[in-house]
file run04.tsv (TSV, C-alpha atoms)
chain	number	residue	atom	x	y	z
A	1	MET	CA	128.97	113.41	-255.67
A	2	LYS	CA	130.09	117.04	-255.33
A	3	PRO	CA	133.71	118.07	-256.02
A	4	LEU	CA	135.51	117.92	-252.71
A	5	LYS	CA	136.79	121.15	-251.15
A	6	PHE	CA	140.33	120.68	-249.89
A	7	ASP	CA	141.78	123.47	-247.75
A	8	GLU	CA	144.72	125.70	-248.65
A	9	GLN	CA	147.13	122.92	-247.59
A	10	GLY	CA	145.32	120.46	-249.83
A	11	LEU	CA	143.73	118.63	-246.90
A	12	ILE	CA	140.21	117.61	-245.93
A	13	PRO	CA	139.14	116.37	-242.46
A	14	ALA	CA	137.93	112.77	-242.28
A	15	ILE	CA	135.81	111.51	-239.39
A	16	ILE	CA	136.16	107.76	-238.86
A	17	GLN	CA	133.08	105.98	-237.52
A	18	ASN	CA	132.69	102.34	-236.55
A	19	ALA	CA	130.43	100.87	-239.22
A	20	ALA	CA	128.97	98.29	-236.83
A	21	THR	CA	128.35	100.40	-233.72
A	22	GLY	CA	128.20	103.96	-235.02
A	23	LYS	CA	130.86	105.04	-232.50
A	24	VAL	CA	133.14	107.87	-233.62
A	25	LEU	CA	136.68	106.51	-233.55
A	26	MET	CA	138.96	109.34	-234.62
A	27	LEU	CA	139.53	112.41	-236.77
A	28	GLY	CA	142.31	112.58	-239.35
A	29	TYR	CA	143.20	114.51	-242.49
A	30	MET	CA	143.50	113.29	-246.05
A	31	ASN	CA	144.99	114.83	-249.15
A	32	GLU	CA	144.02	113.63	-252.62
A	33	GLU	CA	146.65	110.90	-252.62
A	34	ALA	CA	145.61	109.56	-249.21
A	35	LEU	CA	141.97	109.54	-250.28
A	36	GLY	CA	142.92	107.78	-253.51
A	37	ARG	CA	144.83	105.07	-251.66
A	38	THR	CA	141.97	104.67	-249.18
A	39	ARG	CA	139.56	104.04	-252.06
A	40	GLU	CA	141.93	101.74	-253.94
A	41	GLU	CA	143.16	99.62	-251.04
A	42	GLY	CA	140.02	99.57	-248.89
A	43	VAL	CA	141.90	100.64	-245.74
A	44	VAL	CA	142.19	104.14	-244.33
A	45	TRP	CA	145.17	106.31	-245.25
A	46	PHE	CA	145.85	109.79	-243.86
A	47	TYR	CA	148.24	112.64	-244.44
A	48	SER	CA	150.26	113.43	-241.32
A	49	ARG	CA	150.55	117.18	-240.83
A	50	SER	CA	153.27	116.82	-238.19
A	51	ARG	CA	155.41	114.40	-240.25
A	52	SER	CA	154.47	115.78	-243.68
A	53	ARG	CA	153.89	112.37	-245.21
A	54	LEU	CA	151.22	109.80	-246.01
A	55	TRP	CA	150.56	107.12	-243.43
A	56	LYS	CA	148.30	104.09	-243.30
A	57	LYS	CA	146.32	103.84	-240.08
A	58	GLY	CA	147.63	100.77	-238.28
A	59	GLU	CA	150.83	100.55	-240.31
A	60	SER	CA	152.84	99.82	-237.14
A	61	SER	CA	150.18	98.40	-234.78
A	62	GLY	CA	148.31	96.32	-237.34
A	63	ASN	CA	145.05	97.96	-236.24
A	64	VAL	CA	143.97	98.99	-239.71
A	65	LEU	CA	140.58	100.47	-240.53
A	66	GLU	CA	138.75	98.52	-243.25
A	67	VAL	CA	136.60	100.89	-245.29
A	68	VAL	CA	132.89	100.23	-245.66
A	69	SER	CA	131.88	103.55	-247.21
A	70	ILE	CA	133.06	107.13	-247.76
A	71	SER	CA	130.72	110.10	-248.01
A	72	GLU	CA	131.09	113.87	-247.92
A	73	ASP	CA	129.05	116.35	-245.91
A	74	CYS	CA	126.61	118.85	-247.43
A	75	ASP	CA	129.37	121.39	-248.16
A	76	ALA	CA	131.78	118.76	-249.49
A	77	ASP	CA	134.49	120.02	-247.13
A	78	ALA	CA	134.57	117.05	-244.72
A	79	LEU	CA	134.42	113.28	-245.09
A	80	LEU	CA	132.69	110.57	-243.08
A	81	VAL	CA	134.36	107.17	-243.37
A	82	LEU	CA	132.49	104.13	-242.07
A	83	ALA	CA	135.03	101.46	-241.23
A	84	ASN	CA	135.53	98.18	-239.41
A	85	PRO	CA	138.50	98.51	-237.02
A	86	ALA	CA	140.91	95.58	-236.75
A	87	GLY	CA	141.69	96.59	-233.16
A	88	PRO	CA	141.86	99.63	-230.89
A	89	THR	CA	141.93	102.86	-232.89
A	90	CYS	CA	143.61	105.19	-230.39
A	91	HIS	CA	147.38	105.03	-229.83
A	92	THR	CA	146.60	104.77	-226.09
A	93	GLY	CA	144.96	101.39	-226.66
A	94	ALA	CA	141.43	102.75	-226.30
A	95	GLU	CA	138.72	101.80	-228.77
A	96	SER	CA	138.20	105.46	-229.67
A	97	CYS	CA	140.43	108.52	-229.48
A	98	PHE	CA	137.51	110.35	-227.88
A	99	GLU	CA	137.38	108.09	-224.81
A	100	THR	CA	140.58	109.55	-223.37
A	101	LEU	CA	139.36	113.02	-224.26
A	102	GLY	CA	136.23	112.31	-222.20
A	103	GLU	CA	138.39	111.73	-219.11
A	104	ILE	CA	140.38	114.87	-219.85
A	105	SER	CA	137.18	116.88	-220.19
A	106	LYS	CA	136.05	115.65	-216.74
A	107	ILE	CA	139.32	116.88	-215.27
A	108	GLY	CA	138.94	120.17	-217.13
A	109	THR	CA	135.39	120.61	-215.82
A	110	GLY	CA	136.54	119.98	-212.25
A	111	VAL	CA	139.37	122.50	-212.53
A	112	ALA	CA	137.02	125.04	-214.15
A	113	LYS	CA	134.60	124.72	-211.21
A	114	LEU	CA	137.43	125.25	-208.74
A	115	VAL	CA	138.70	128.28	-210.67
A	116	LYS	CA	135.19	129.75	-210.57
A	117	VAL	CA	134.99	129.29	-206.78
A	118	ILE	CA	138.43	130.86	-206.29
A	119	ASP	CA	137.46	133.79	-208.53
A	120	GLY	CA	134.31	134.27	-206.45
A	121	ARG	CA	136.31	134.32	-203.22
A	122	TYR	CA	138.72	136.85	-204.72
A	123	LYS	CA	135.91	139.21	-205.71
A	124	GLU	CA	133.48	138.76	-202.79
A	125	ARG	CA	135.81	137.93	-199.87
A	126	PRO	CA	133.24	136.06	-197.74
A	127	GLU	CA	134.16	135.82	-194.06
A	128	GLY	CA	135.33	132.48	-192.73
A	129	SER	CA	136.71	131.30	-196.08
A	130	TYR	CA	140.27	129.97	-196.15
A	131	THR	CA	140.67	131.27	-199.70
A	132	THR	CA	139.54	134.75	-198.56
A	133	TYR	CA	142.14	134.52	-195.79
A	134	LEU	CA	144.88	133.81	-198.35
A	135	PHE	CA	143.85	136.72	-200.57
A	136	ASP	CA	143.58	139.08	-197.60
A	137	LYS	CA	147.06	138.12	-196.38
A	138	GLY	CA	148.48	138.76	-199.84
A	139	LEU	CA	151.13	137.44	-202.18
A	140	ASP	CA	153.77	136.53	-199.59
A	141	LYS	CA	151.34	134.26	-197.71
A	142	ILE	CA	150.18	132.60	-200.95
A	143	LEU	CA	153.78	132.02	-202.08
A	144	LYS	CA	154.65	130.55	-198.69
A	145	LYS	CA	151.77	128.06	-199.00
A	146	VAL	CA	152.77	127.09	-202.55
A	147	GLY	CA	156.32	126.44	-201.32
A	148	GLU	CA	155.11	124.42	-198.32
A	149	GLU	CA	152.81	122.27	-200.44
A	150	ALA	CA	155.56	121.66	-203.02
A	151	ALA	CA	157.87	120.48	-200.23
A	152	GLU	CA	155.15	118.22	-198.84
A	153	VAL	CA	154.64	116.69	-202.30
A	154	ILE	CA	158.35	115.81	-202.33
A	155	ILE	CA	158.20	114.28	-198.84
A	156	ALA	CA	155.09	112.23	-199.63
A	157	SER	CA	156.75	110.97	-202.81
A	158	LYS	CA	159.91	109.93	-200.96
A	159	ASN	CA	157.83	108.19	-198.28
A	160	GLU	CA	156.03	106.10	-200.94
A	161	ASN	CA	152.71	107.16	-199.38
A	162	ARG	CA	150.22	107.28	-202.24
A	163	PRO	CA	147.15	108.64	-200.34
A	164	GLU	CA	149.31	111.33	-198.78
A	165	LEU	CA	150.83	112.17	-202.17
A	166	VAL	CA	147.40	112.54	-203.77
A	167	GLY	CA	146.35	114.85	-200.94
A	168	GLU	CA	149.48	116.98	-201.18
A	169	LEU	CA	149.24	117.23	-204.97
A	170	THR	CA	145.64	118.39	-204.53
A	171	ASP	CA	146.78	121.04	-202.06
A	172	LEU	CA	149.55	122.16	-204.43
A	173	LEU	CA	147.12	122.45	-207.34
A	174	PHE	CA	144.67	124.46	-205.24
A	175	HIS	CA	147.29	126.89	-203.96
A	176	SER	CA	148.78	127.22	-207.45
A	177	LEU	CA	145.36	128.23	-208.77
A	178	VAL	CA	145.04	130.77	-205.95
A	179	LEU	CA	148.44	132.18	-206.95
A	180	MET	CA	147.35	132.34	-210.58
A	181	ARG	CA	144.26	134.36	-209.60
A	182	GLU	CA	146.33	136.68	-207.41
A	183	LYS	CA	148.73	137.34	-210.30
A	184	GLY	CA	146.04	137.46	-213.00
A	185	VAL	CA	147.26	134.38	-214.88
A	186	ALA	CA	144.44	132.51	-216.64
A	187	VAL	CA	144.34	128.71	-216.85
A	188	GLU	CA	144.00	129.12	-220.61
A	189	GLU	CA	147.45	130.75	-220.74
A	190	VAL	CA	149.00	127.69	-219.10
A	191	LEU	CA	147.14	125.35	-221.46
A	192	GLN	CA	148.30	127.37	-224.47
A	193	GLU	CA	151.89	127.09	-223.26
A	194	LEU	CA	151.48	123.31	-222.84
A	195	ASN	CA	150.11	123.07	-226.38
A	196	ARG	CA	153.02	125.17	-227.67
A	197	ARG	CA	155.52	122.88	-225.99
A	198	GLU	CA	153.79	119.77	-227.35
A	199	ARG	CA	154.16	121.11	-230.88

call {"tool": "encode", "arguments": {"input": "run04.tsv", "output": "structure tokens"}}
result
Amino acid sequence: MKPLKFDEQGLIPAIIQNAATGKVLMLGYMNEEALGRTREEGVVWFYSRSRSRLWKKGESSGNVLEVVSISEDCDADALLVLANPAGPTCHTGAESCFETLGEISKIGTGVAKLVKVIDGRYKERPEGSYTTYLFDKGLDKILKKVGEEAAEVIIASKNENRPELVGELTDLLFHSLVLMREKGVAVEEVLQELNRRER
């Protein structure tokens, strides 16, 4: 076994994989103490970067991860832990943390396709396109539509009309993306701001 390479914060990433199914369950970080406890106790321990402390996976839920084996990668800077989960691994109740990410990635792919179409309309201005019409009319028209759709979202919400609400939210998202293109705001900027606020 090679000497492990911990990063400048004394941490090493640990991928947790279901020993029975091979499914990747989660990614966490261990320091030397967390790794030591994992080896000694036979259940997975991590170091929480946000809380700056050790924590045992499942310490509150009871869904511990029973260790089957621990191995390092070829560079000795990452760990693979095969484990038997006592229950769902993700805090959302999903078997794997990556299941919810799969749904998020589908949403992201859909938005990315829409952004690409809007960008194409902005550059090419094909005749007969509603999006072209908005760009040709300019900022005031786009802002008016964003305001209208926001008001219609409120009305649909108050009316307890779910199908109407979904439709109005879709319209608001579309017109917001048109506004972002008009003003040169990238989706990535919004996502970065969301990430900043989450931290």

call {"tool": "atom_distance", "arguments": {"input": "run04.tsv", "atom1": "CA of Leu27 (chain A)", "atom2": "CA of Ser69 (chain A)"}}
result
15.7 Å

call {"tool": "atom_distance", "arguments": {"input": "run04.tsv", "atom1": "CA of Gly110 (chain A)", "atom2": "CA of Val153 (chain A)"}}
result
20.9 Å

call {"tool": "residues_around", "arguments": {"input": "run04.tsv", "residues": "Lys145 (chain A)", "least_positions_apart": "5", "cutoff": "10 Å", "atoms": "all atoms listed in the file", "output": "ChimeraX atom specification"}}
result
/A:134,139-140,150-151,171-172,175-176,179

call {"tool": "write_last_selection", "arguments": {"input": "run04.tsv", "atoms": "C-alpha atoms", "output": "PDB file, in the frame of the given file"}}
result
ATOM      1  CA  LEU A 134     144.880 133.810-198.350  1.00  0.00           C
ATOM      2  CA  LEU A 139     151.130 137.440-202.180  1.00  0.00           C
ATOM      3  CA  ASP A 140     153.770 136.530-199.590  1.00  0.00           C
ATOM      4  CA  ALA A 150     155.560 121.660-203.020  1.00  0.00           C
ATOM      5  CA  ALA A 151     157.870 120.480-200.230  1.00  0.00           C
ATOM      6  CA  ASP A 171     146.780 121.040-202.060  1.00  0.00           C
ATOM      7  CA  LEU A 172     149.550 122.160-204.430  1.00  0.00           C
ATOM      8  CA  HIS A 175     147.290 126.890-203.960  1.00  0.00           C
ATOM      9  CA  SER A 176     148.780 127.220-207.450  1.00  0.00           C
ATOM     10  CA  LEU A 179     148.440 132.180-206.950  1.00  0.00           C
TER      11      LEU A 179
END

call {"tool": "atom_distance", "arguments": {"input": "run04.tsv", "atom1": "CA of Thr89 (chain A)", "atom2": "CA of Thr21 (chain A)"}}
result
13.8 Å

call {"tool": "residues_near_point", "arguments": {"input": "run04.tsv", "point": "(138.5, 113.4, -244.3)", "cutoff": "12 Å", "atoms": "all atoms listed in the file", "output": "NGL selection string"}}
result
:A and (4-7 or 10-17 or 26-36 or 38 or 44-47 or 70-73 or 76-82)

call {"tool": "closest_residue", "arguments": {"input": "run04.tsv", "among": "A:Gly108, A:Pro3, A:Gly58, A:Gly184", "to": "Pro88 (chain A)", "atoms": "all atoms listed in the file"}}
result
A:Gly58

call {"tool": "axis_aligned_box", "arguments": {"input": "run04.tsv", "around": "region 72-90 of chain A", "padding_each_side": "5 Å", "output": "lines of an AutoDock Vina configuration file"}}
result
center_x = 135.1
center_y = 108.5
center_z = -239.9
size_x = 27.0
size_y = 35.8
size_z = 29.1

call {"tool": "closest_residue", "arguments": {"input": "run04.tsv", "among": "A:Leu173, A:Asn161, A:Glu41, A:Ala112", "to": "Glu188 (chain A)", "atoms": "all atoms listed in the file"}}
result
A:Ala112

call {"tool": "residues_near_point", "arguments": {"input": "run04.tsv", "point": "(139.9, 98.8, -239.1)", "cutoff": "6 Å", "atoms": "only C-alpha atoms", "output": "ChimeraX atom specification"}}
result
/A:63-66,83-86

call {"tool": "decode", "arguments": {"input": "run04.tsv", "residues": "region 71-91 of chain A", "atoms": "N, CA, C and O atoms", "output": "PDB file, in the first residue's frame"}}
result
ATOM      1  N   SER A  71      -9.565   0.812  -0.497  1.00  0.00           N
ATOM      2  CA  SER A  71      -8.390   0.780  -1.371  1.00  0.00           C
ATOM      3  C   SER A  71      -8.131   2.178  -1.916  1.00  0.00           C
ATOM      4  O   SER A  71      -9.032   3.011  -1.974  1.00  0.00           O
ATOM      5  N   GLU A  72      -6.885   2.438  -2.296  1.00  0.00           N
ATOM      6  CA  GLU A  72      -6.532   3.733  -2.870  1.00  0.00           C
ATOM      7  C   GLU A  72      -6.386   3.604  -4.375  1.00  0.00           C
ATOM      8  O   GLU A  72      -6.210   2.505  -4.897  1.00  0.00           O
ATOM      9  N   ASP A  73      -6.466   4.727  -5.085  1.00  0.00           N
ATOM     10  CA  ASP A  73      -6.276   4.686  -6.527  1.00  0.00           C
ATOM     11  C   ASP A  73      -4.785   4.642  -6.855  1.00  0.00           C
ATOM     12  O   ASP A  73      -3.939   4.605  -5.966  1.00  0.00           O
ATOM     13  N   CYS A  74      -4.461   4.660  -8.145  1.00  0.00           N
ATOM     14  CA  CYS A  74      -3.076   4.467  -8.587  1.00  0.00           C
ATOM     15  C   CYS A  74      -2.139   5.572  -8.109  1.00  0.00           C
ATOM     16  O   CYS A  74      -0.934   5.347  -7.946  1.00  0.00           O
ATOM     17  N   ASP A  75      -2.685   6.776  -7.865  1.00  0.00           N
ATOM     18  CA  ASP A  75      -1.857   7.886  -7.390  1.00  0.00           C
ATOM     19  C   ASP A  75      -1.906   8.044  -5.878  1.00  0.00           C
ATOM     20  O   ASP A  75      -1.276   8.963  -5.328  1.00  0.00           O
ATOM     21  N   ALA A  76      -2.686   7.220  -5.224  1.00  0.00           N
ATOM     22  CA  ALA A  76      -2.837   7.247  -3.762  1.00  0.00           C
ATOM     23  C   ALA A  76      -3.392   8.585  -3.265  1.00  0.00           C
ATOM     24  O   ALA A  76      -3.106   8.994  -2.135  1.00  0.00           O
ATOM     25  N   ASP A  77      -4.194   9.255  -4.119  1.00  0.00           N
ATOM     26  CA  ASP A  77      -4.775  10.527  -3.686  1.00  0.00           C
ATOM     27  C   ASP A  77      -6.306  10.487  -3.657  1.00  0.00           C
ATOM     28  O   ASP A  77      -6.967  11.526  -3.598  1.00  0.00           O
ATOM     29  N   ALA A  78      -6.869   9.293  -3.711  1.00  0.00           N
ATOM     30  CA  ALA A  78      -8.316   9.099  -3.575  1.00  0.00           C
ATOM     31  C   ALA A  78      -8.561   7.689  -3.060  1.00  0.00           C
ATOM     32  O   ALA A  78      -7.763   6.775  -3.319  1.00  0.00           O
ATOM     33  N   LEU A  79      -9.661   7.527  -2.331  1.00  0.00           N
ATOM     34  CA  LEU A  79     -10.004   6.222  -1.759  1.00  0.00           C
ATOM     35  C   LEU A  79     -11.300   5.690  -2.360  1.00  0.00           C
ATOM     36  O   LEU A  79     -12.189   6.460  -2.732  1.00  0.00           O
ATOM     37  N   LEU A  80     -11.363   4.367  -2.458  1.00  0.00           N
ATOM     38  CA  LEU A  80     -12.604   3.684  -2.832  1.00  0.00           C
ATOM     39  C   LEU A  80     -12.983   2.794  -1.662  1.00  0.00           C
ATOM     40  O   LEU A  80     -12.218   1.908  -1.259  1.00  0.00           O
ATOM     41  N   VAL A  81     -14.166   3.057  -1.097  1.00  0.00           N
ATOM     42  CA  VAL A  81     -14.637   2.289   0.049  1.00  0.00           C
ATOM     43  C   VAL A  81     -15.833   1.458  -0.395  1.00  0.00           C
ATOM     44  O   VAL A  81     -16.858   2.002  -0.812  1.00  0.00           O
ATOM     45  N   LEU A  82     -15.682   0.142  -0.344  1.00  0.00           N
ATOM     46  CA  LEU A  82     -16.813  -0.756  -0.590  1.00  0.00           C
ATOM     47  C   LEU A  82     -17.529  -0.946   0.732  1.00  0.00           C
ATOM     48  O   LEU A  82     -16.903  -1.250   1.751  1.00  0.00           O
ATOM     49  N   ALA A  83     -18.844  -0.734   0.719  1.00  0.00           N
ATOM     50  CA  ALA A  83     -19.588  -0.779   1.974  1.00  0.00           C
ATOM     51  C   ALA A  83     -20.975  -1.362   1.768  1.00  0.00           C
ATOM     52  O   ALA A  83     -21.516  -1.353   0.659  1.00  0.00           O
ATOM     53  N   ASN A  84     -21.546  -1.863   2.848  1.00  0.00           N
ATOM     54  CA  ASN A  84     -22.935  -2.313   2.855  1.00  0.00           C
ATOM     55  C   ASN A  84     -23.761  -1.266   3.587  1.00  0.00           C
ATOM     56  O   ASN A  84     -23.564  -1.044   4.789  1.00  0.00           O
ATOM     57  N   PRO A  85     -24.665  -0.567   2.879  1.00  0.00           N
ATOM     58  CA  PRO A  85     -25.460   0.480   3.524  1.00  0.00           C
ATOM     59  C   PRO A  85     -26.575  -0.101   4.380  1.00  0.00           C
ATOM     60  O   PRO A  85     -27.230  -1.070   3.989  1.00  0.00           O
ATOM     61  N   ALA A  86     -26.799   0.505   5.548  1.00  0.00           N
ATOM     62  CA  ALA A  86     -27.878   0.051   6.428  1.00  0.00           C
ATOM     63  C   ALA A  86     -29.224   0.638   6.022  1.00  0.00           C
ATOM     64  O   ALA A  86     -30.257   0.263   6.570  1.00  0.00           O
ATOM     65  N   GLY A  87     -29.206   1.563   5.063  1.00  0.00           N
ATOM     66  CA  GLY A  87     -30.426   2.209   4.592  1.00  0.00           C
ATOM     67  C   GLY A  87     -30.072   3.176   3.487  1.00  0.00           C
ATOM     68  O   GLY A  87     -28.954   3.129   2.954  1.00  0.00           O
ATOM     69  N   PRO A  88     -30.974   4.079   3.125  1.00  0.00           N
ATOM     70  CA  PRO A  88     -30.662   5.070   2.096  1.00  0.00           C
ATOM     71  C   PRO A  88     -29.424   5.877   2.468  1.00  0.00           C
ATOM     72  O   PRO A  88     -29.259   6.259   3.622  1.00  0.00           O
ATOM     73  N   THR A  89     -28.579   6.150   1.488  1.00  0.00           N
ATOM     74  CA  THR A  89     -27.346   6.889   1.760  1.00  0.00           C
ATOM     75  C   THR A  89     -27.557   8.393   1.683  1.00  0.00           C
ATOM     76  O   THR A  89     -26.997   9.147   2.470  1.00  0.00           O
ATOM     77  N   CYS A  90     -28.362   8.857   0.732  1.00  0.00           N
ATOM     78  CA  CYS A  90     -28.547  10.295   0.537  1.00  0.00           C
ATOM     79  C   CYS A  90     -29.482  10.871   1.590  1.00  0.00           C
ATOM     80  O   CYS A  90     -30.436  10.211   2.016  1.00  0.00           O
ATOM     81  N   HIS A  91     -29.224  12.125   2.004  1.00  0.00           N
ATOM     82  CA  HIS A  91     -30.075  12.790   2.988  1.00  0.00           C
ATOM     83  C   HIS A  91     -31.489  13.021   2.465  1.00  0.00           C
ATOM     84  O   HIS A  91     -32.415  13.269   3.243  1.00  0.00           O
TER      85      HIS A  91
END
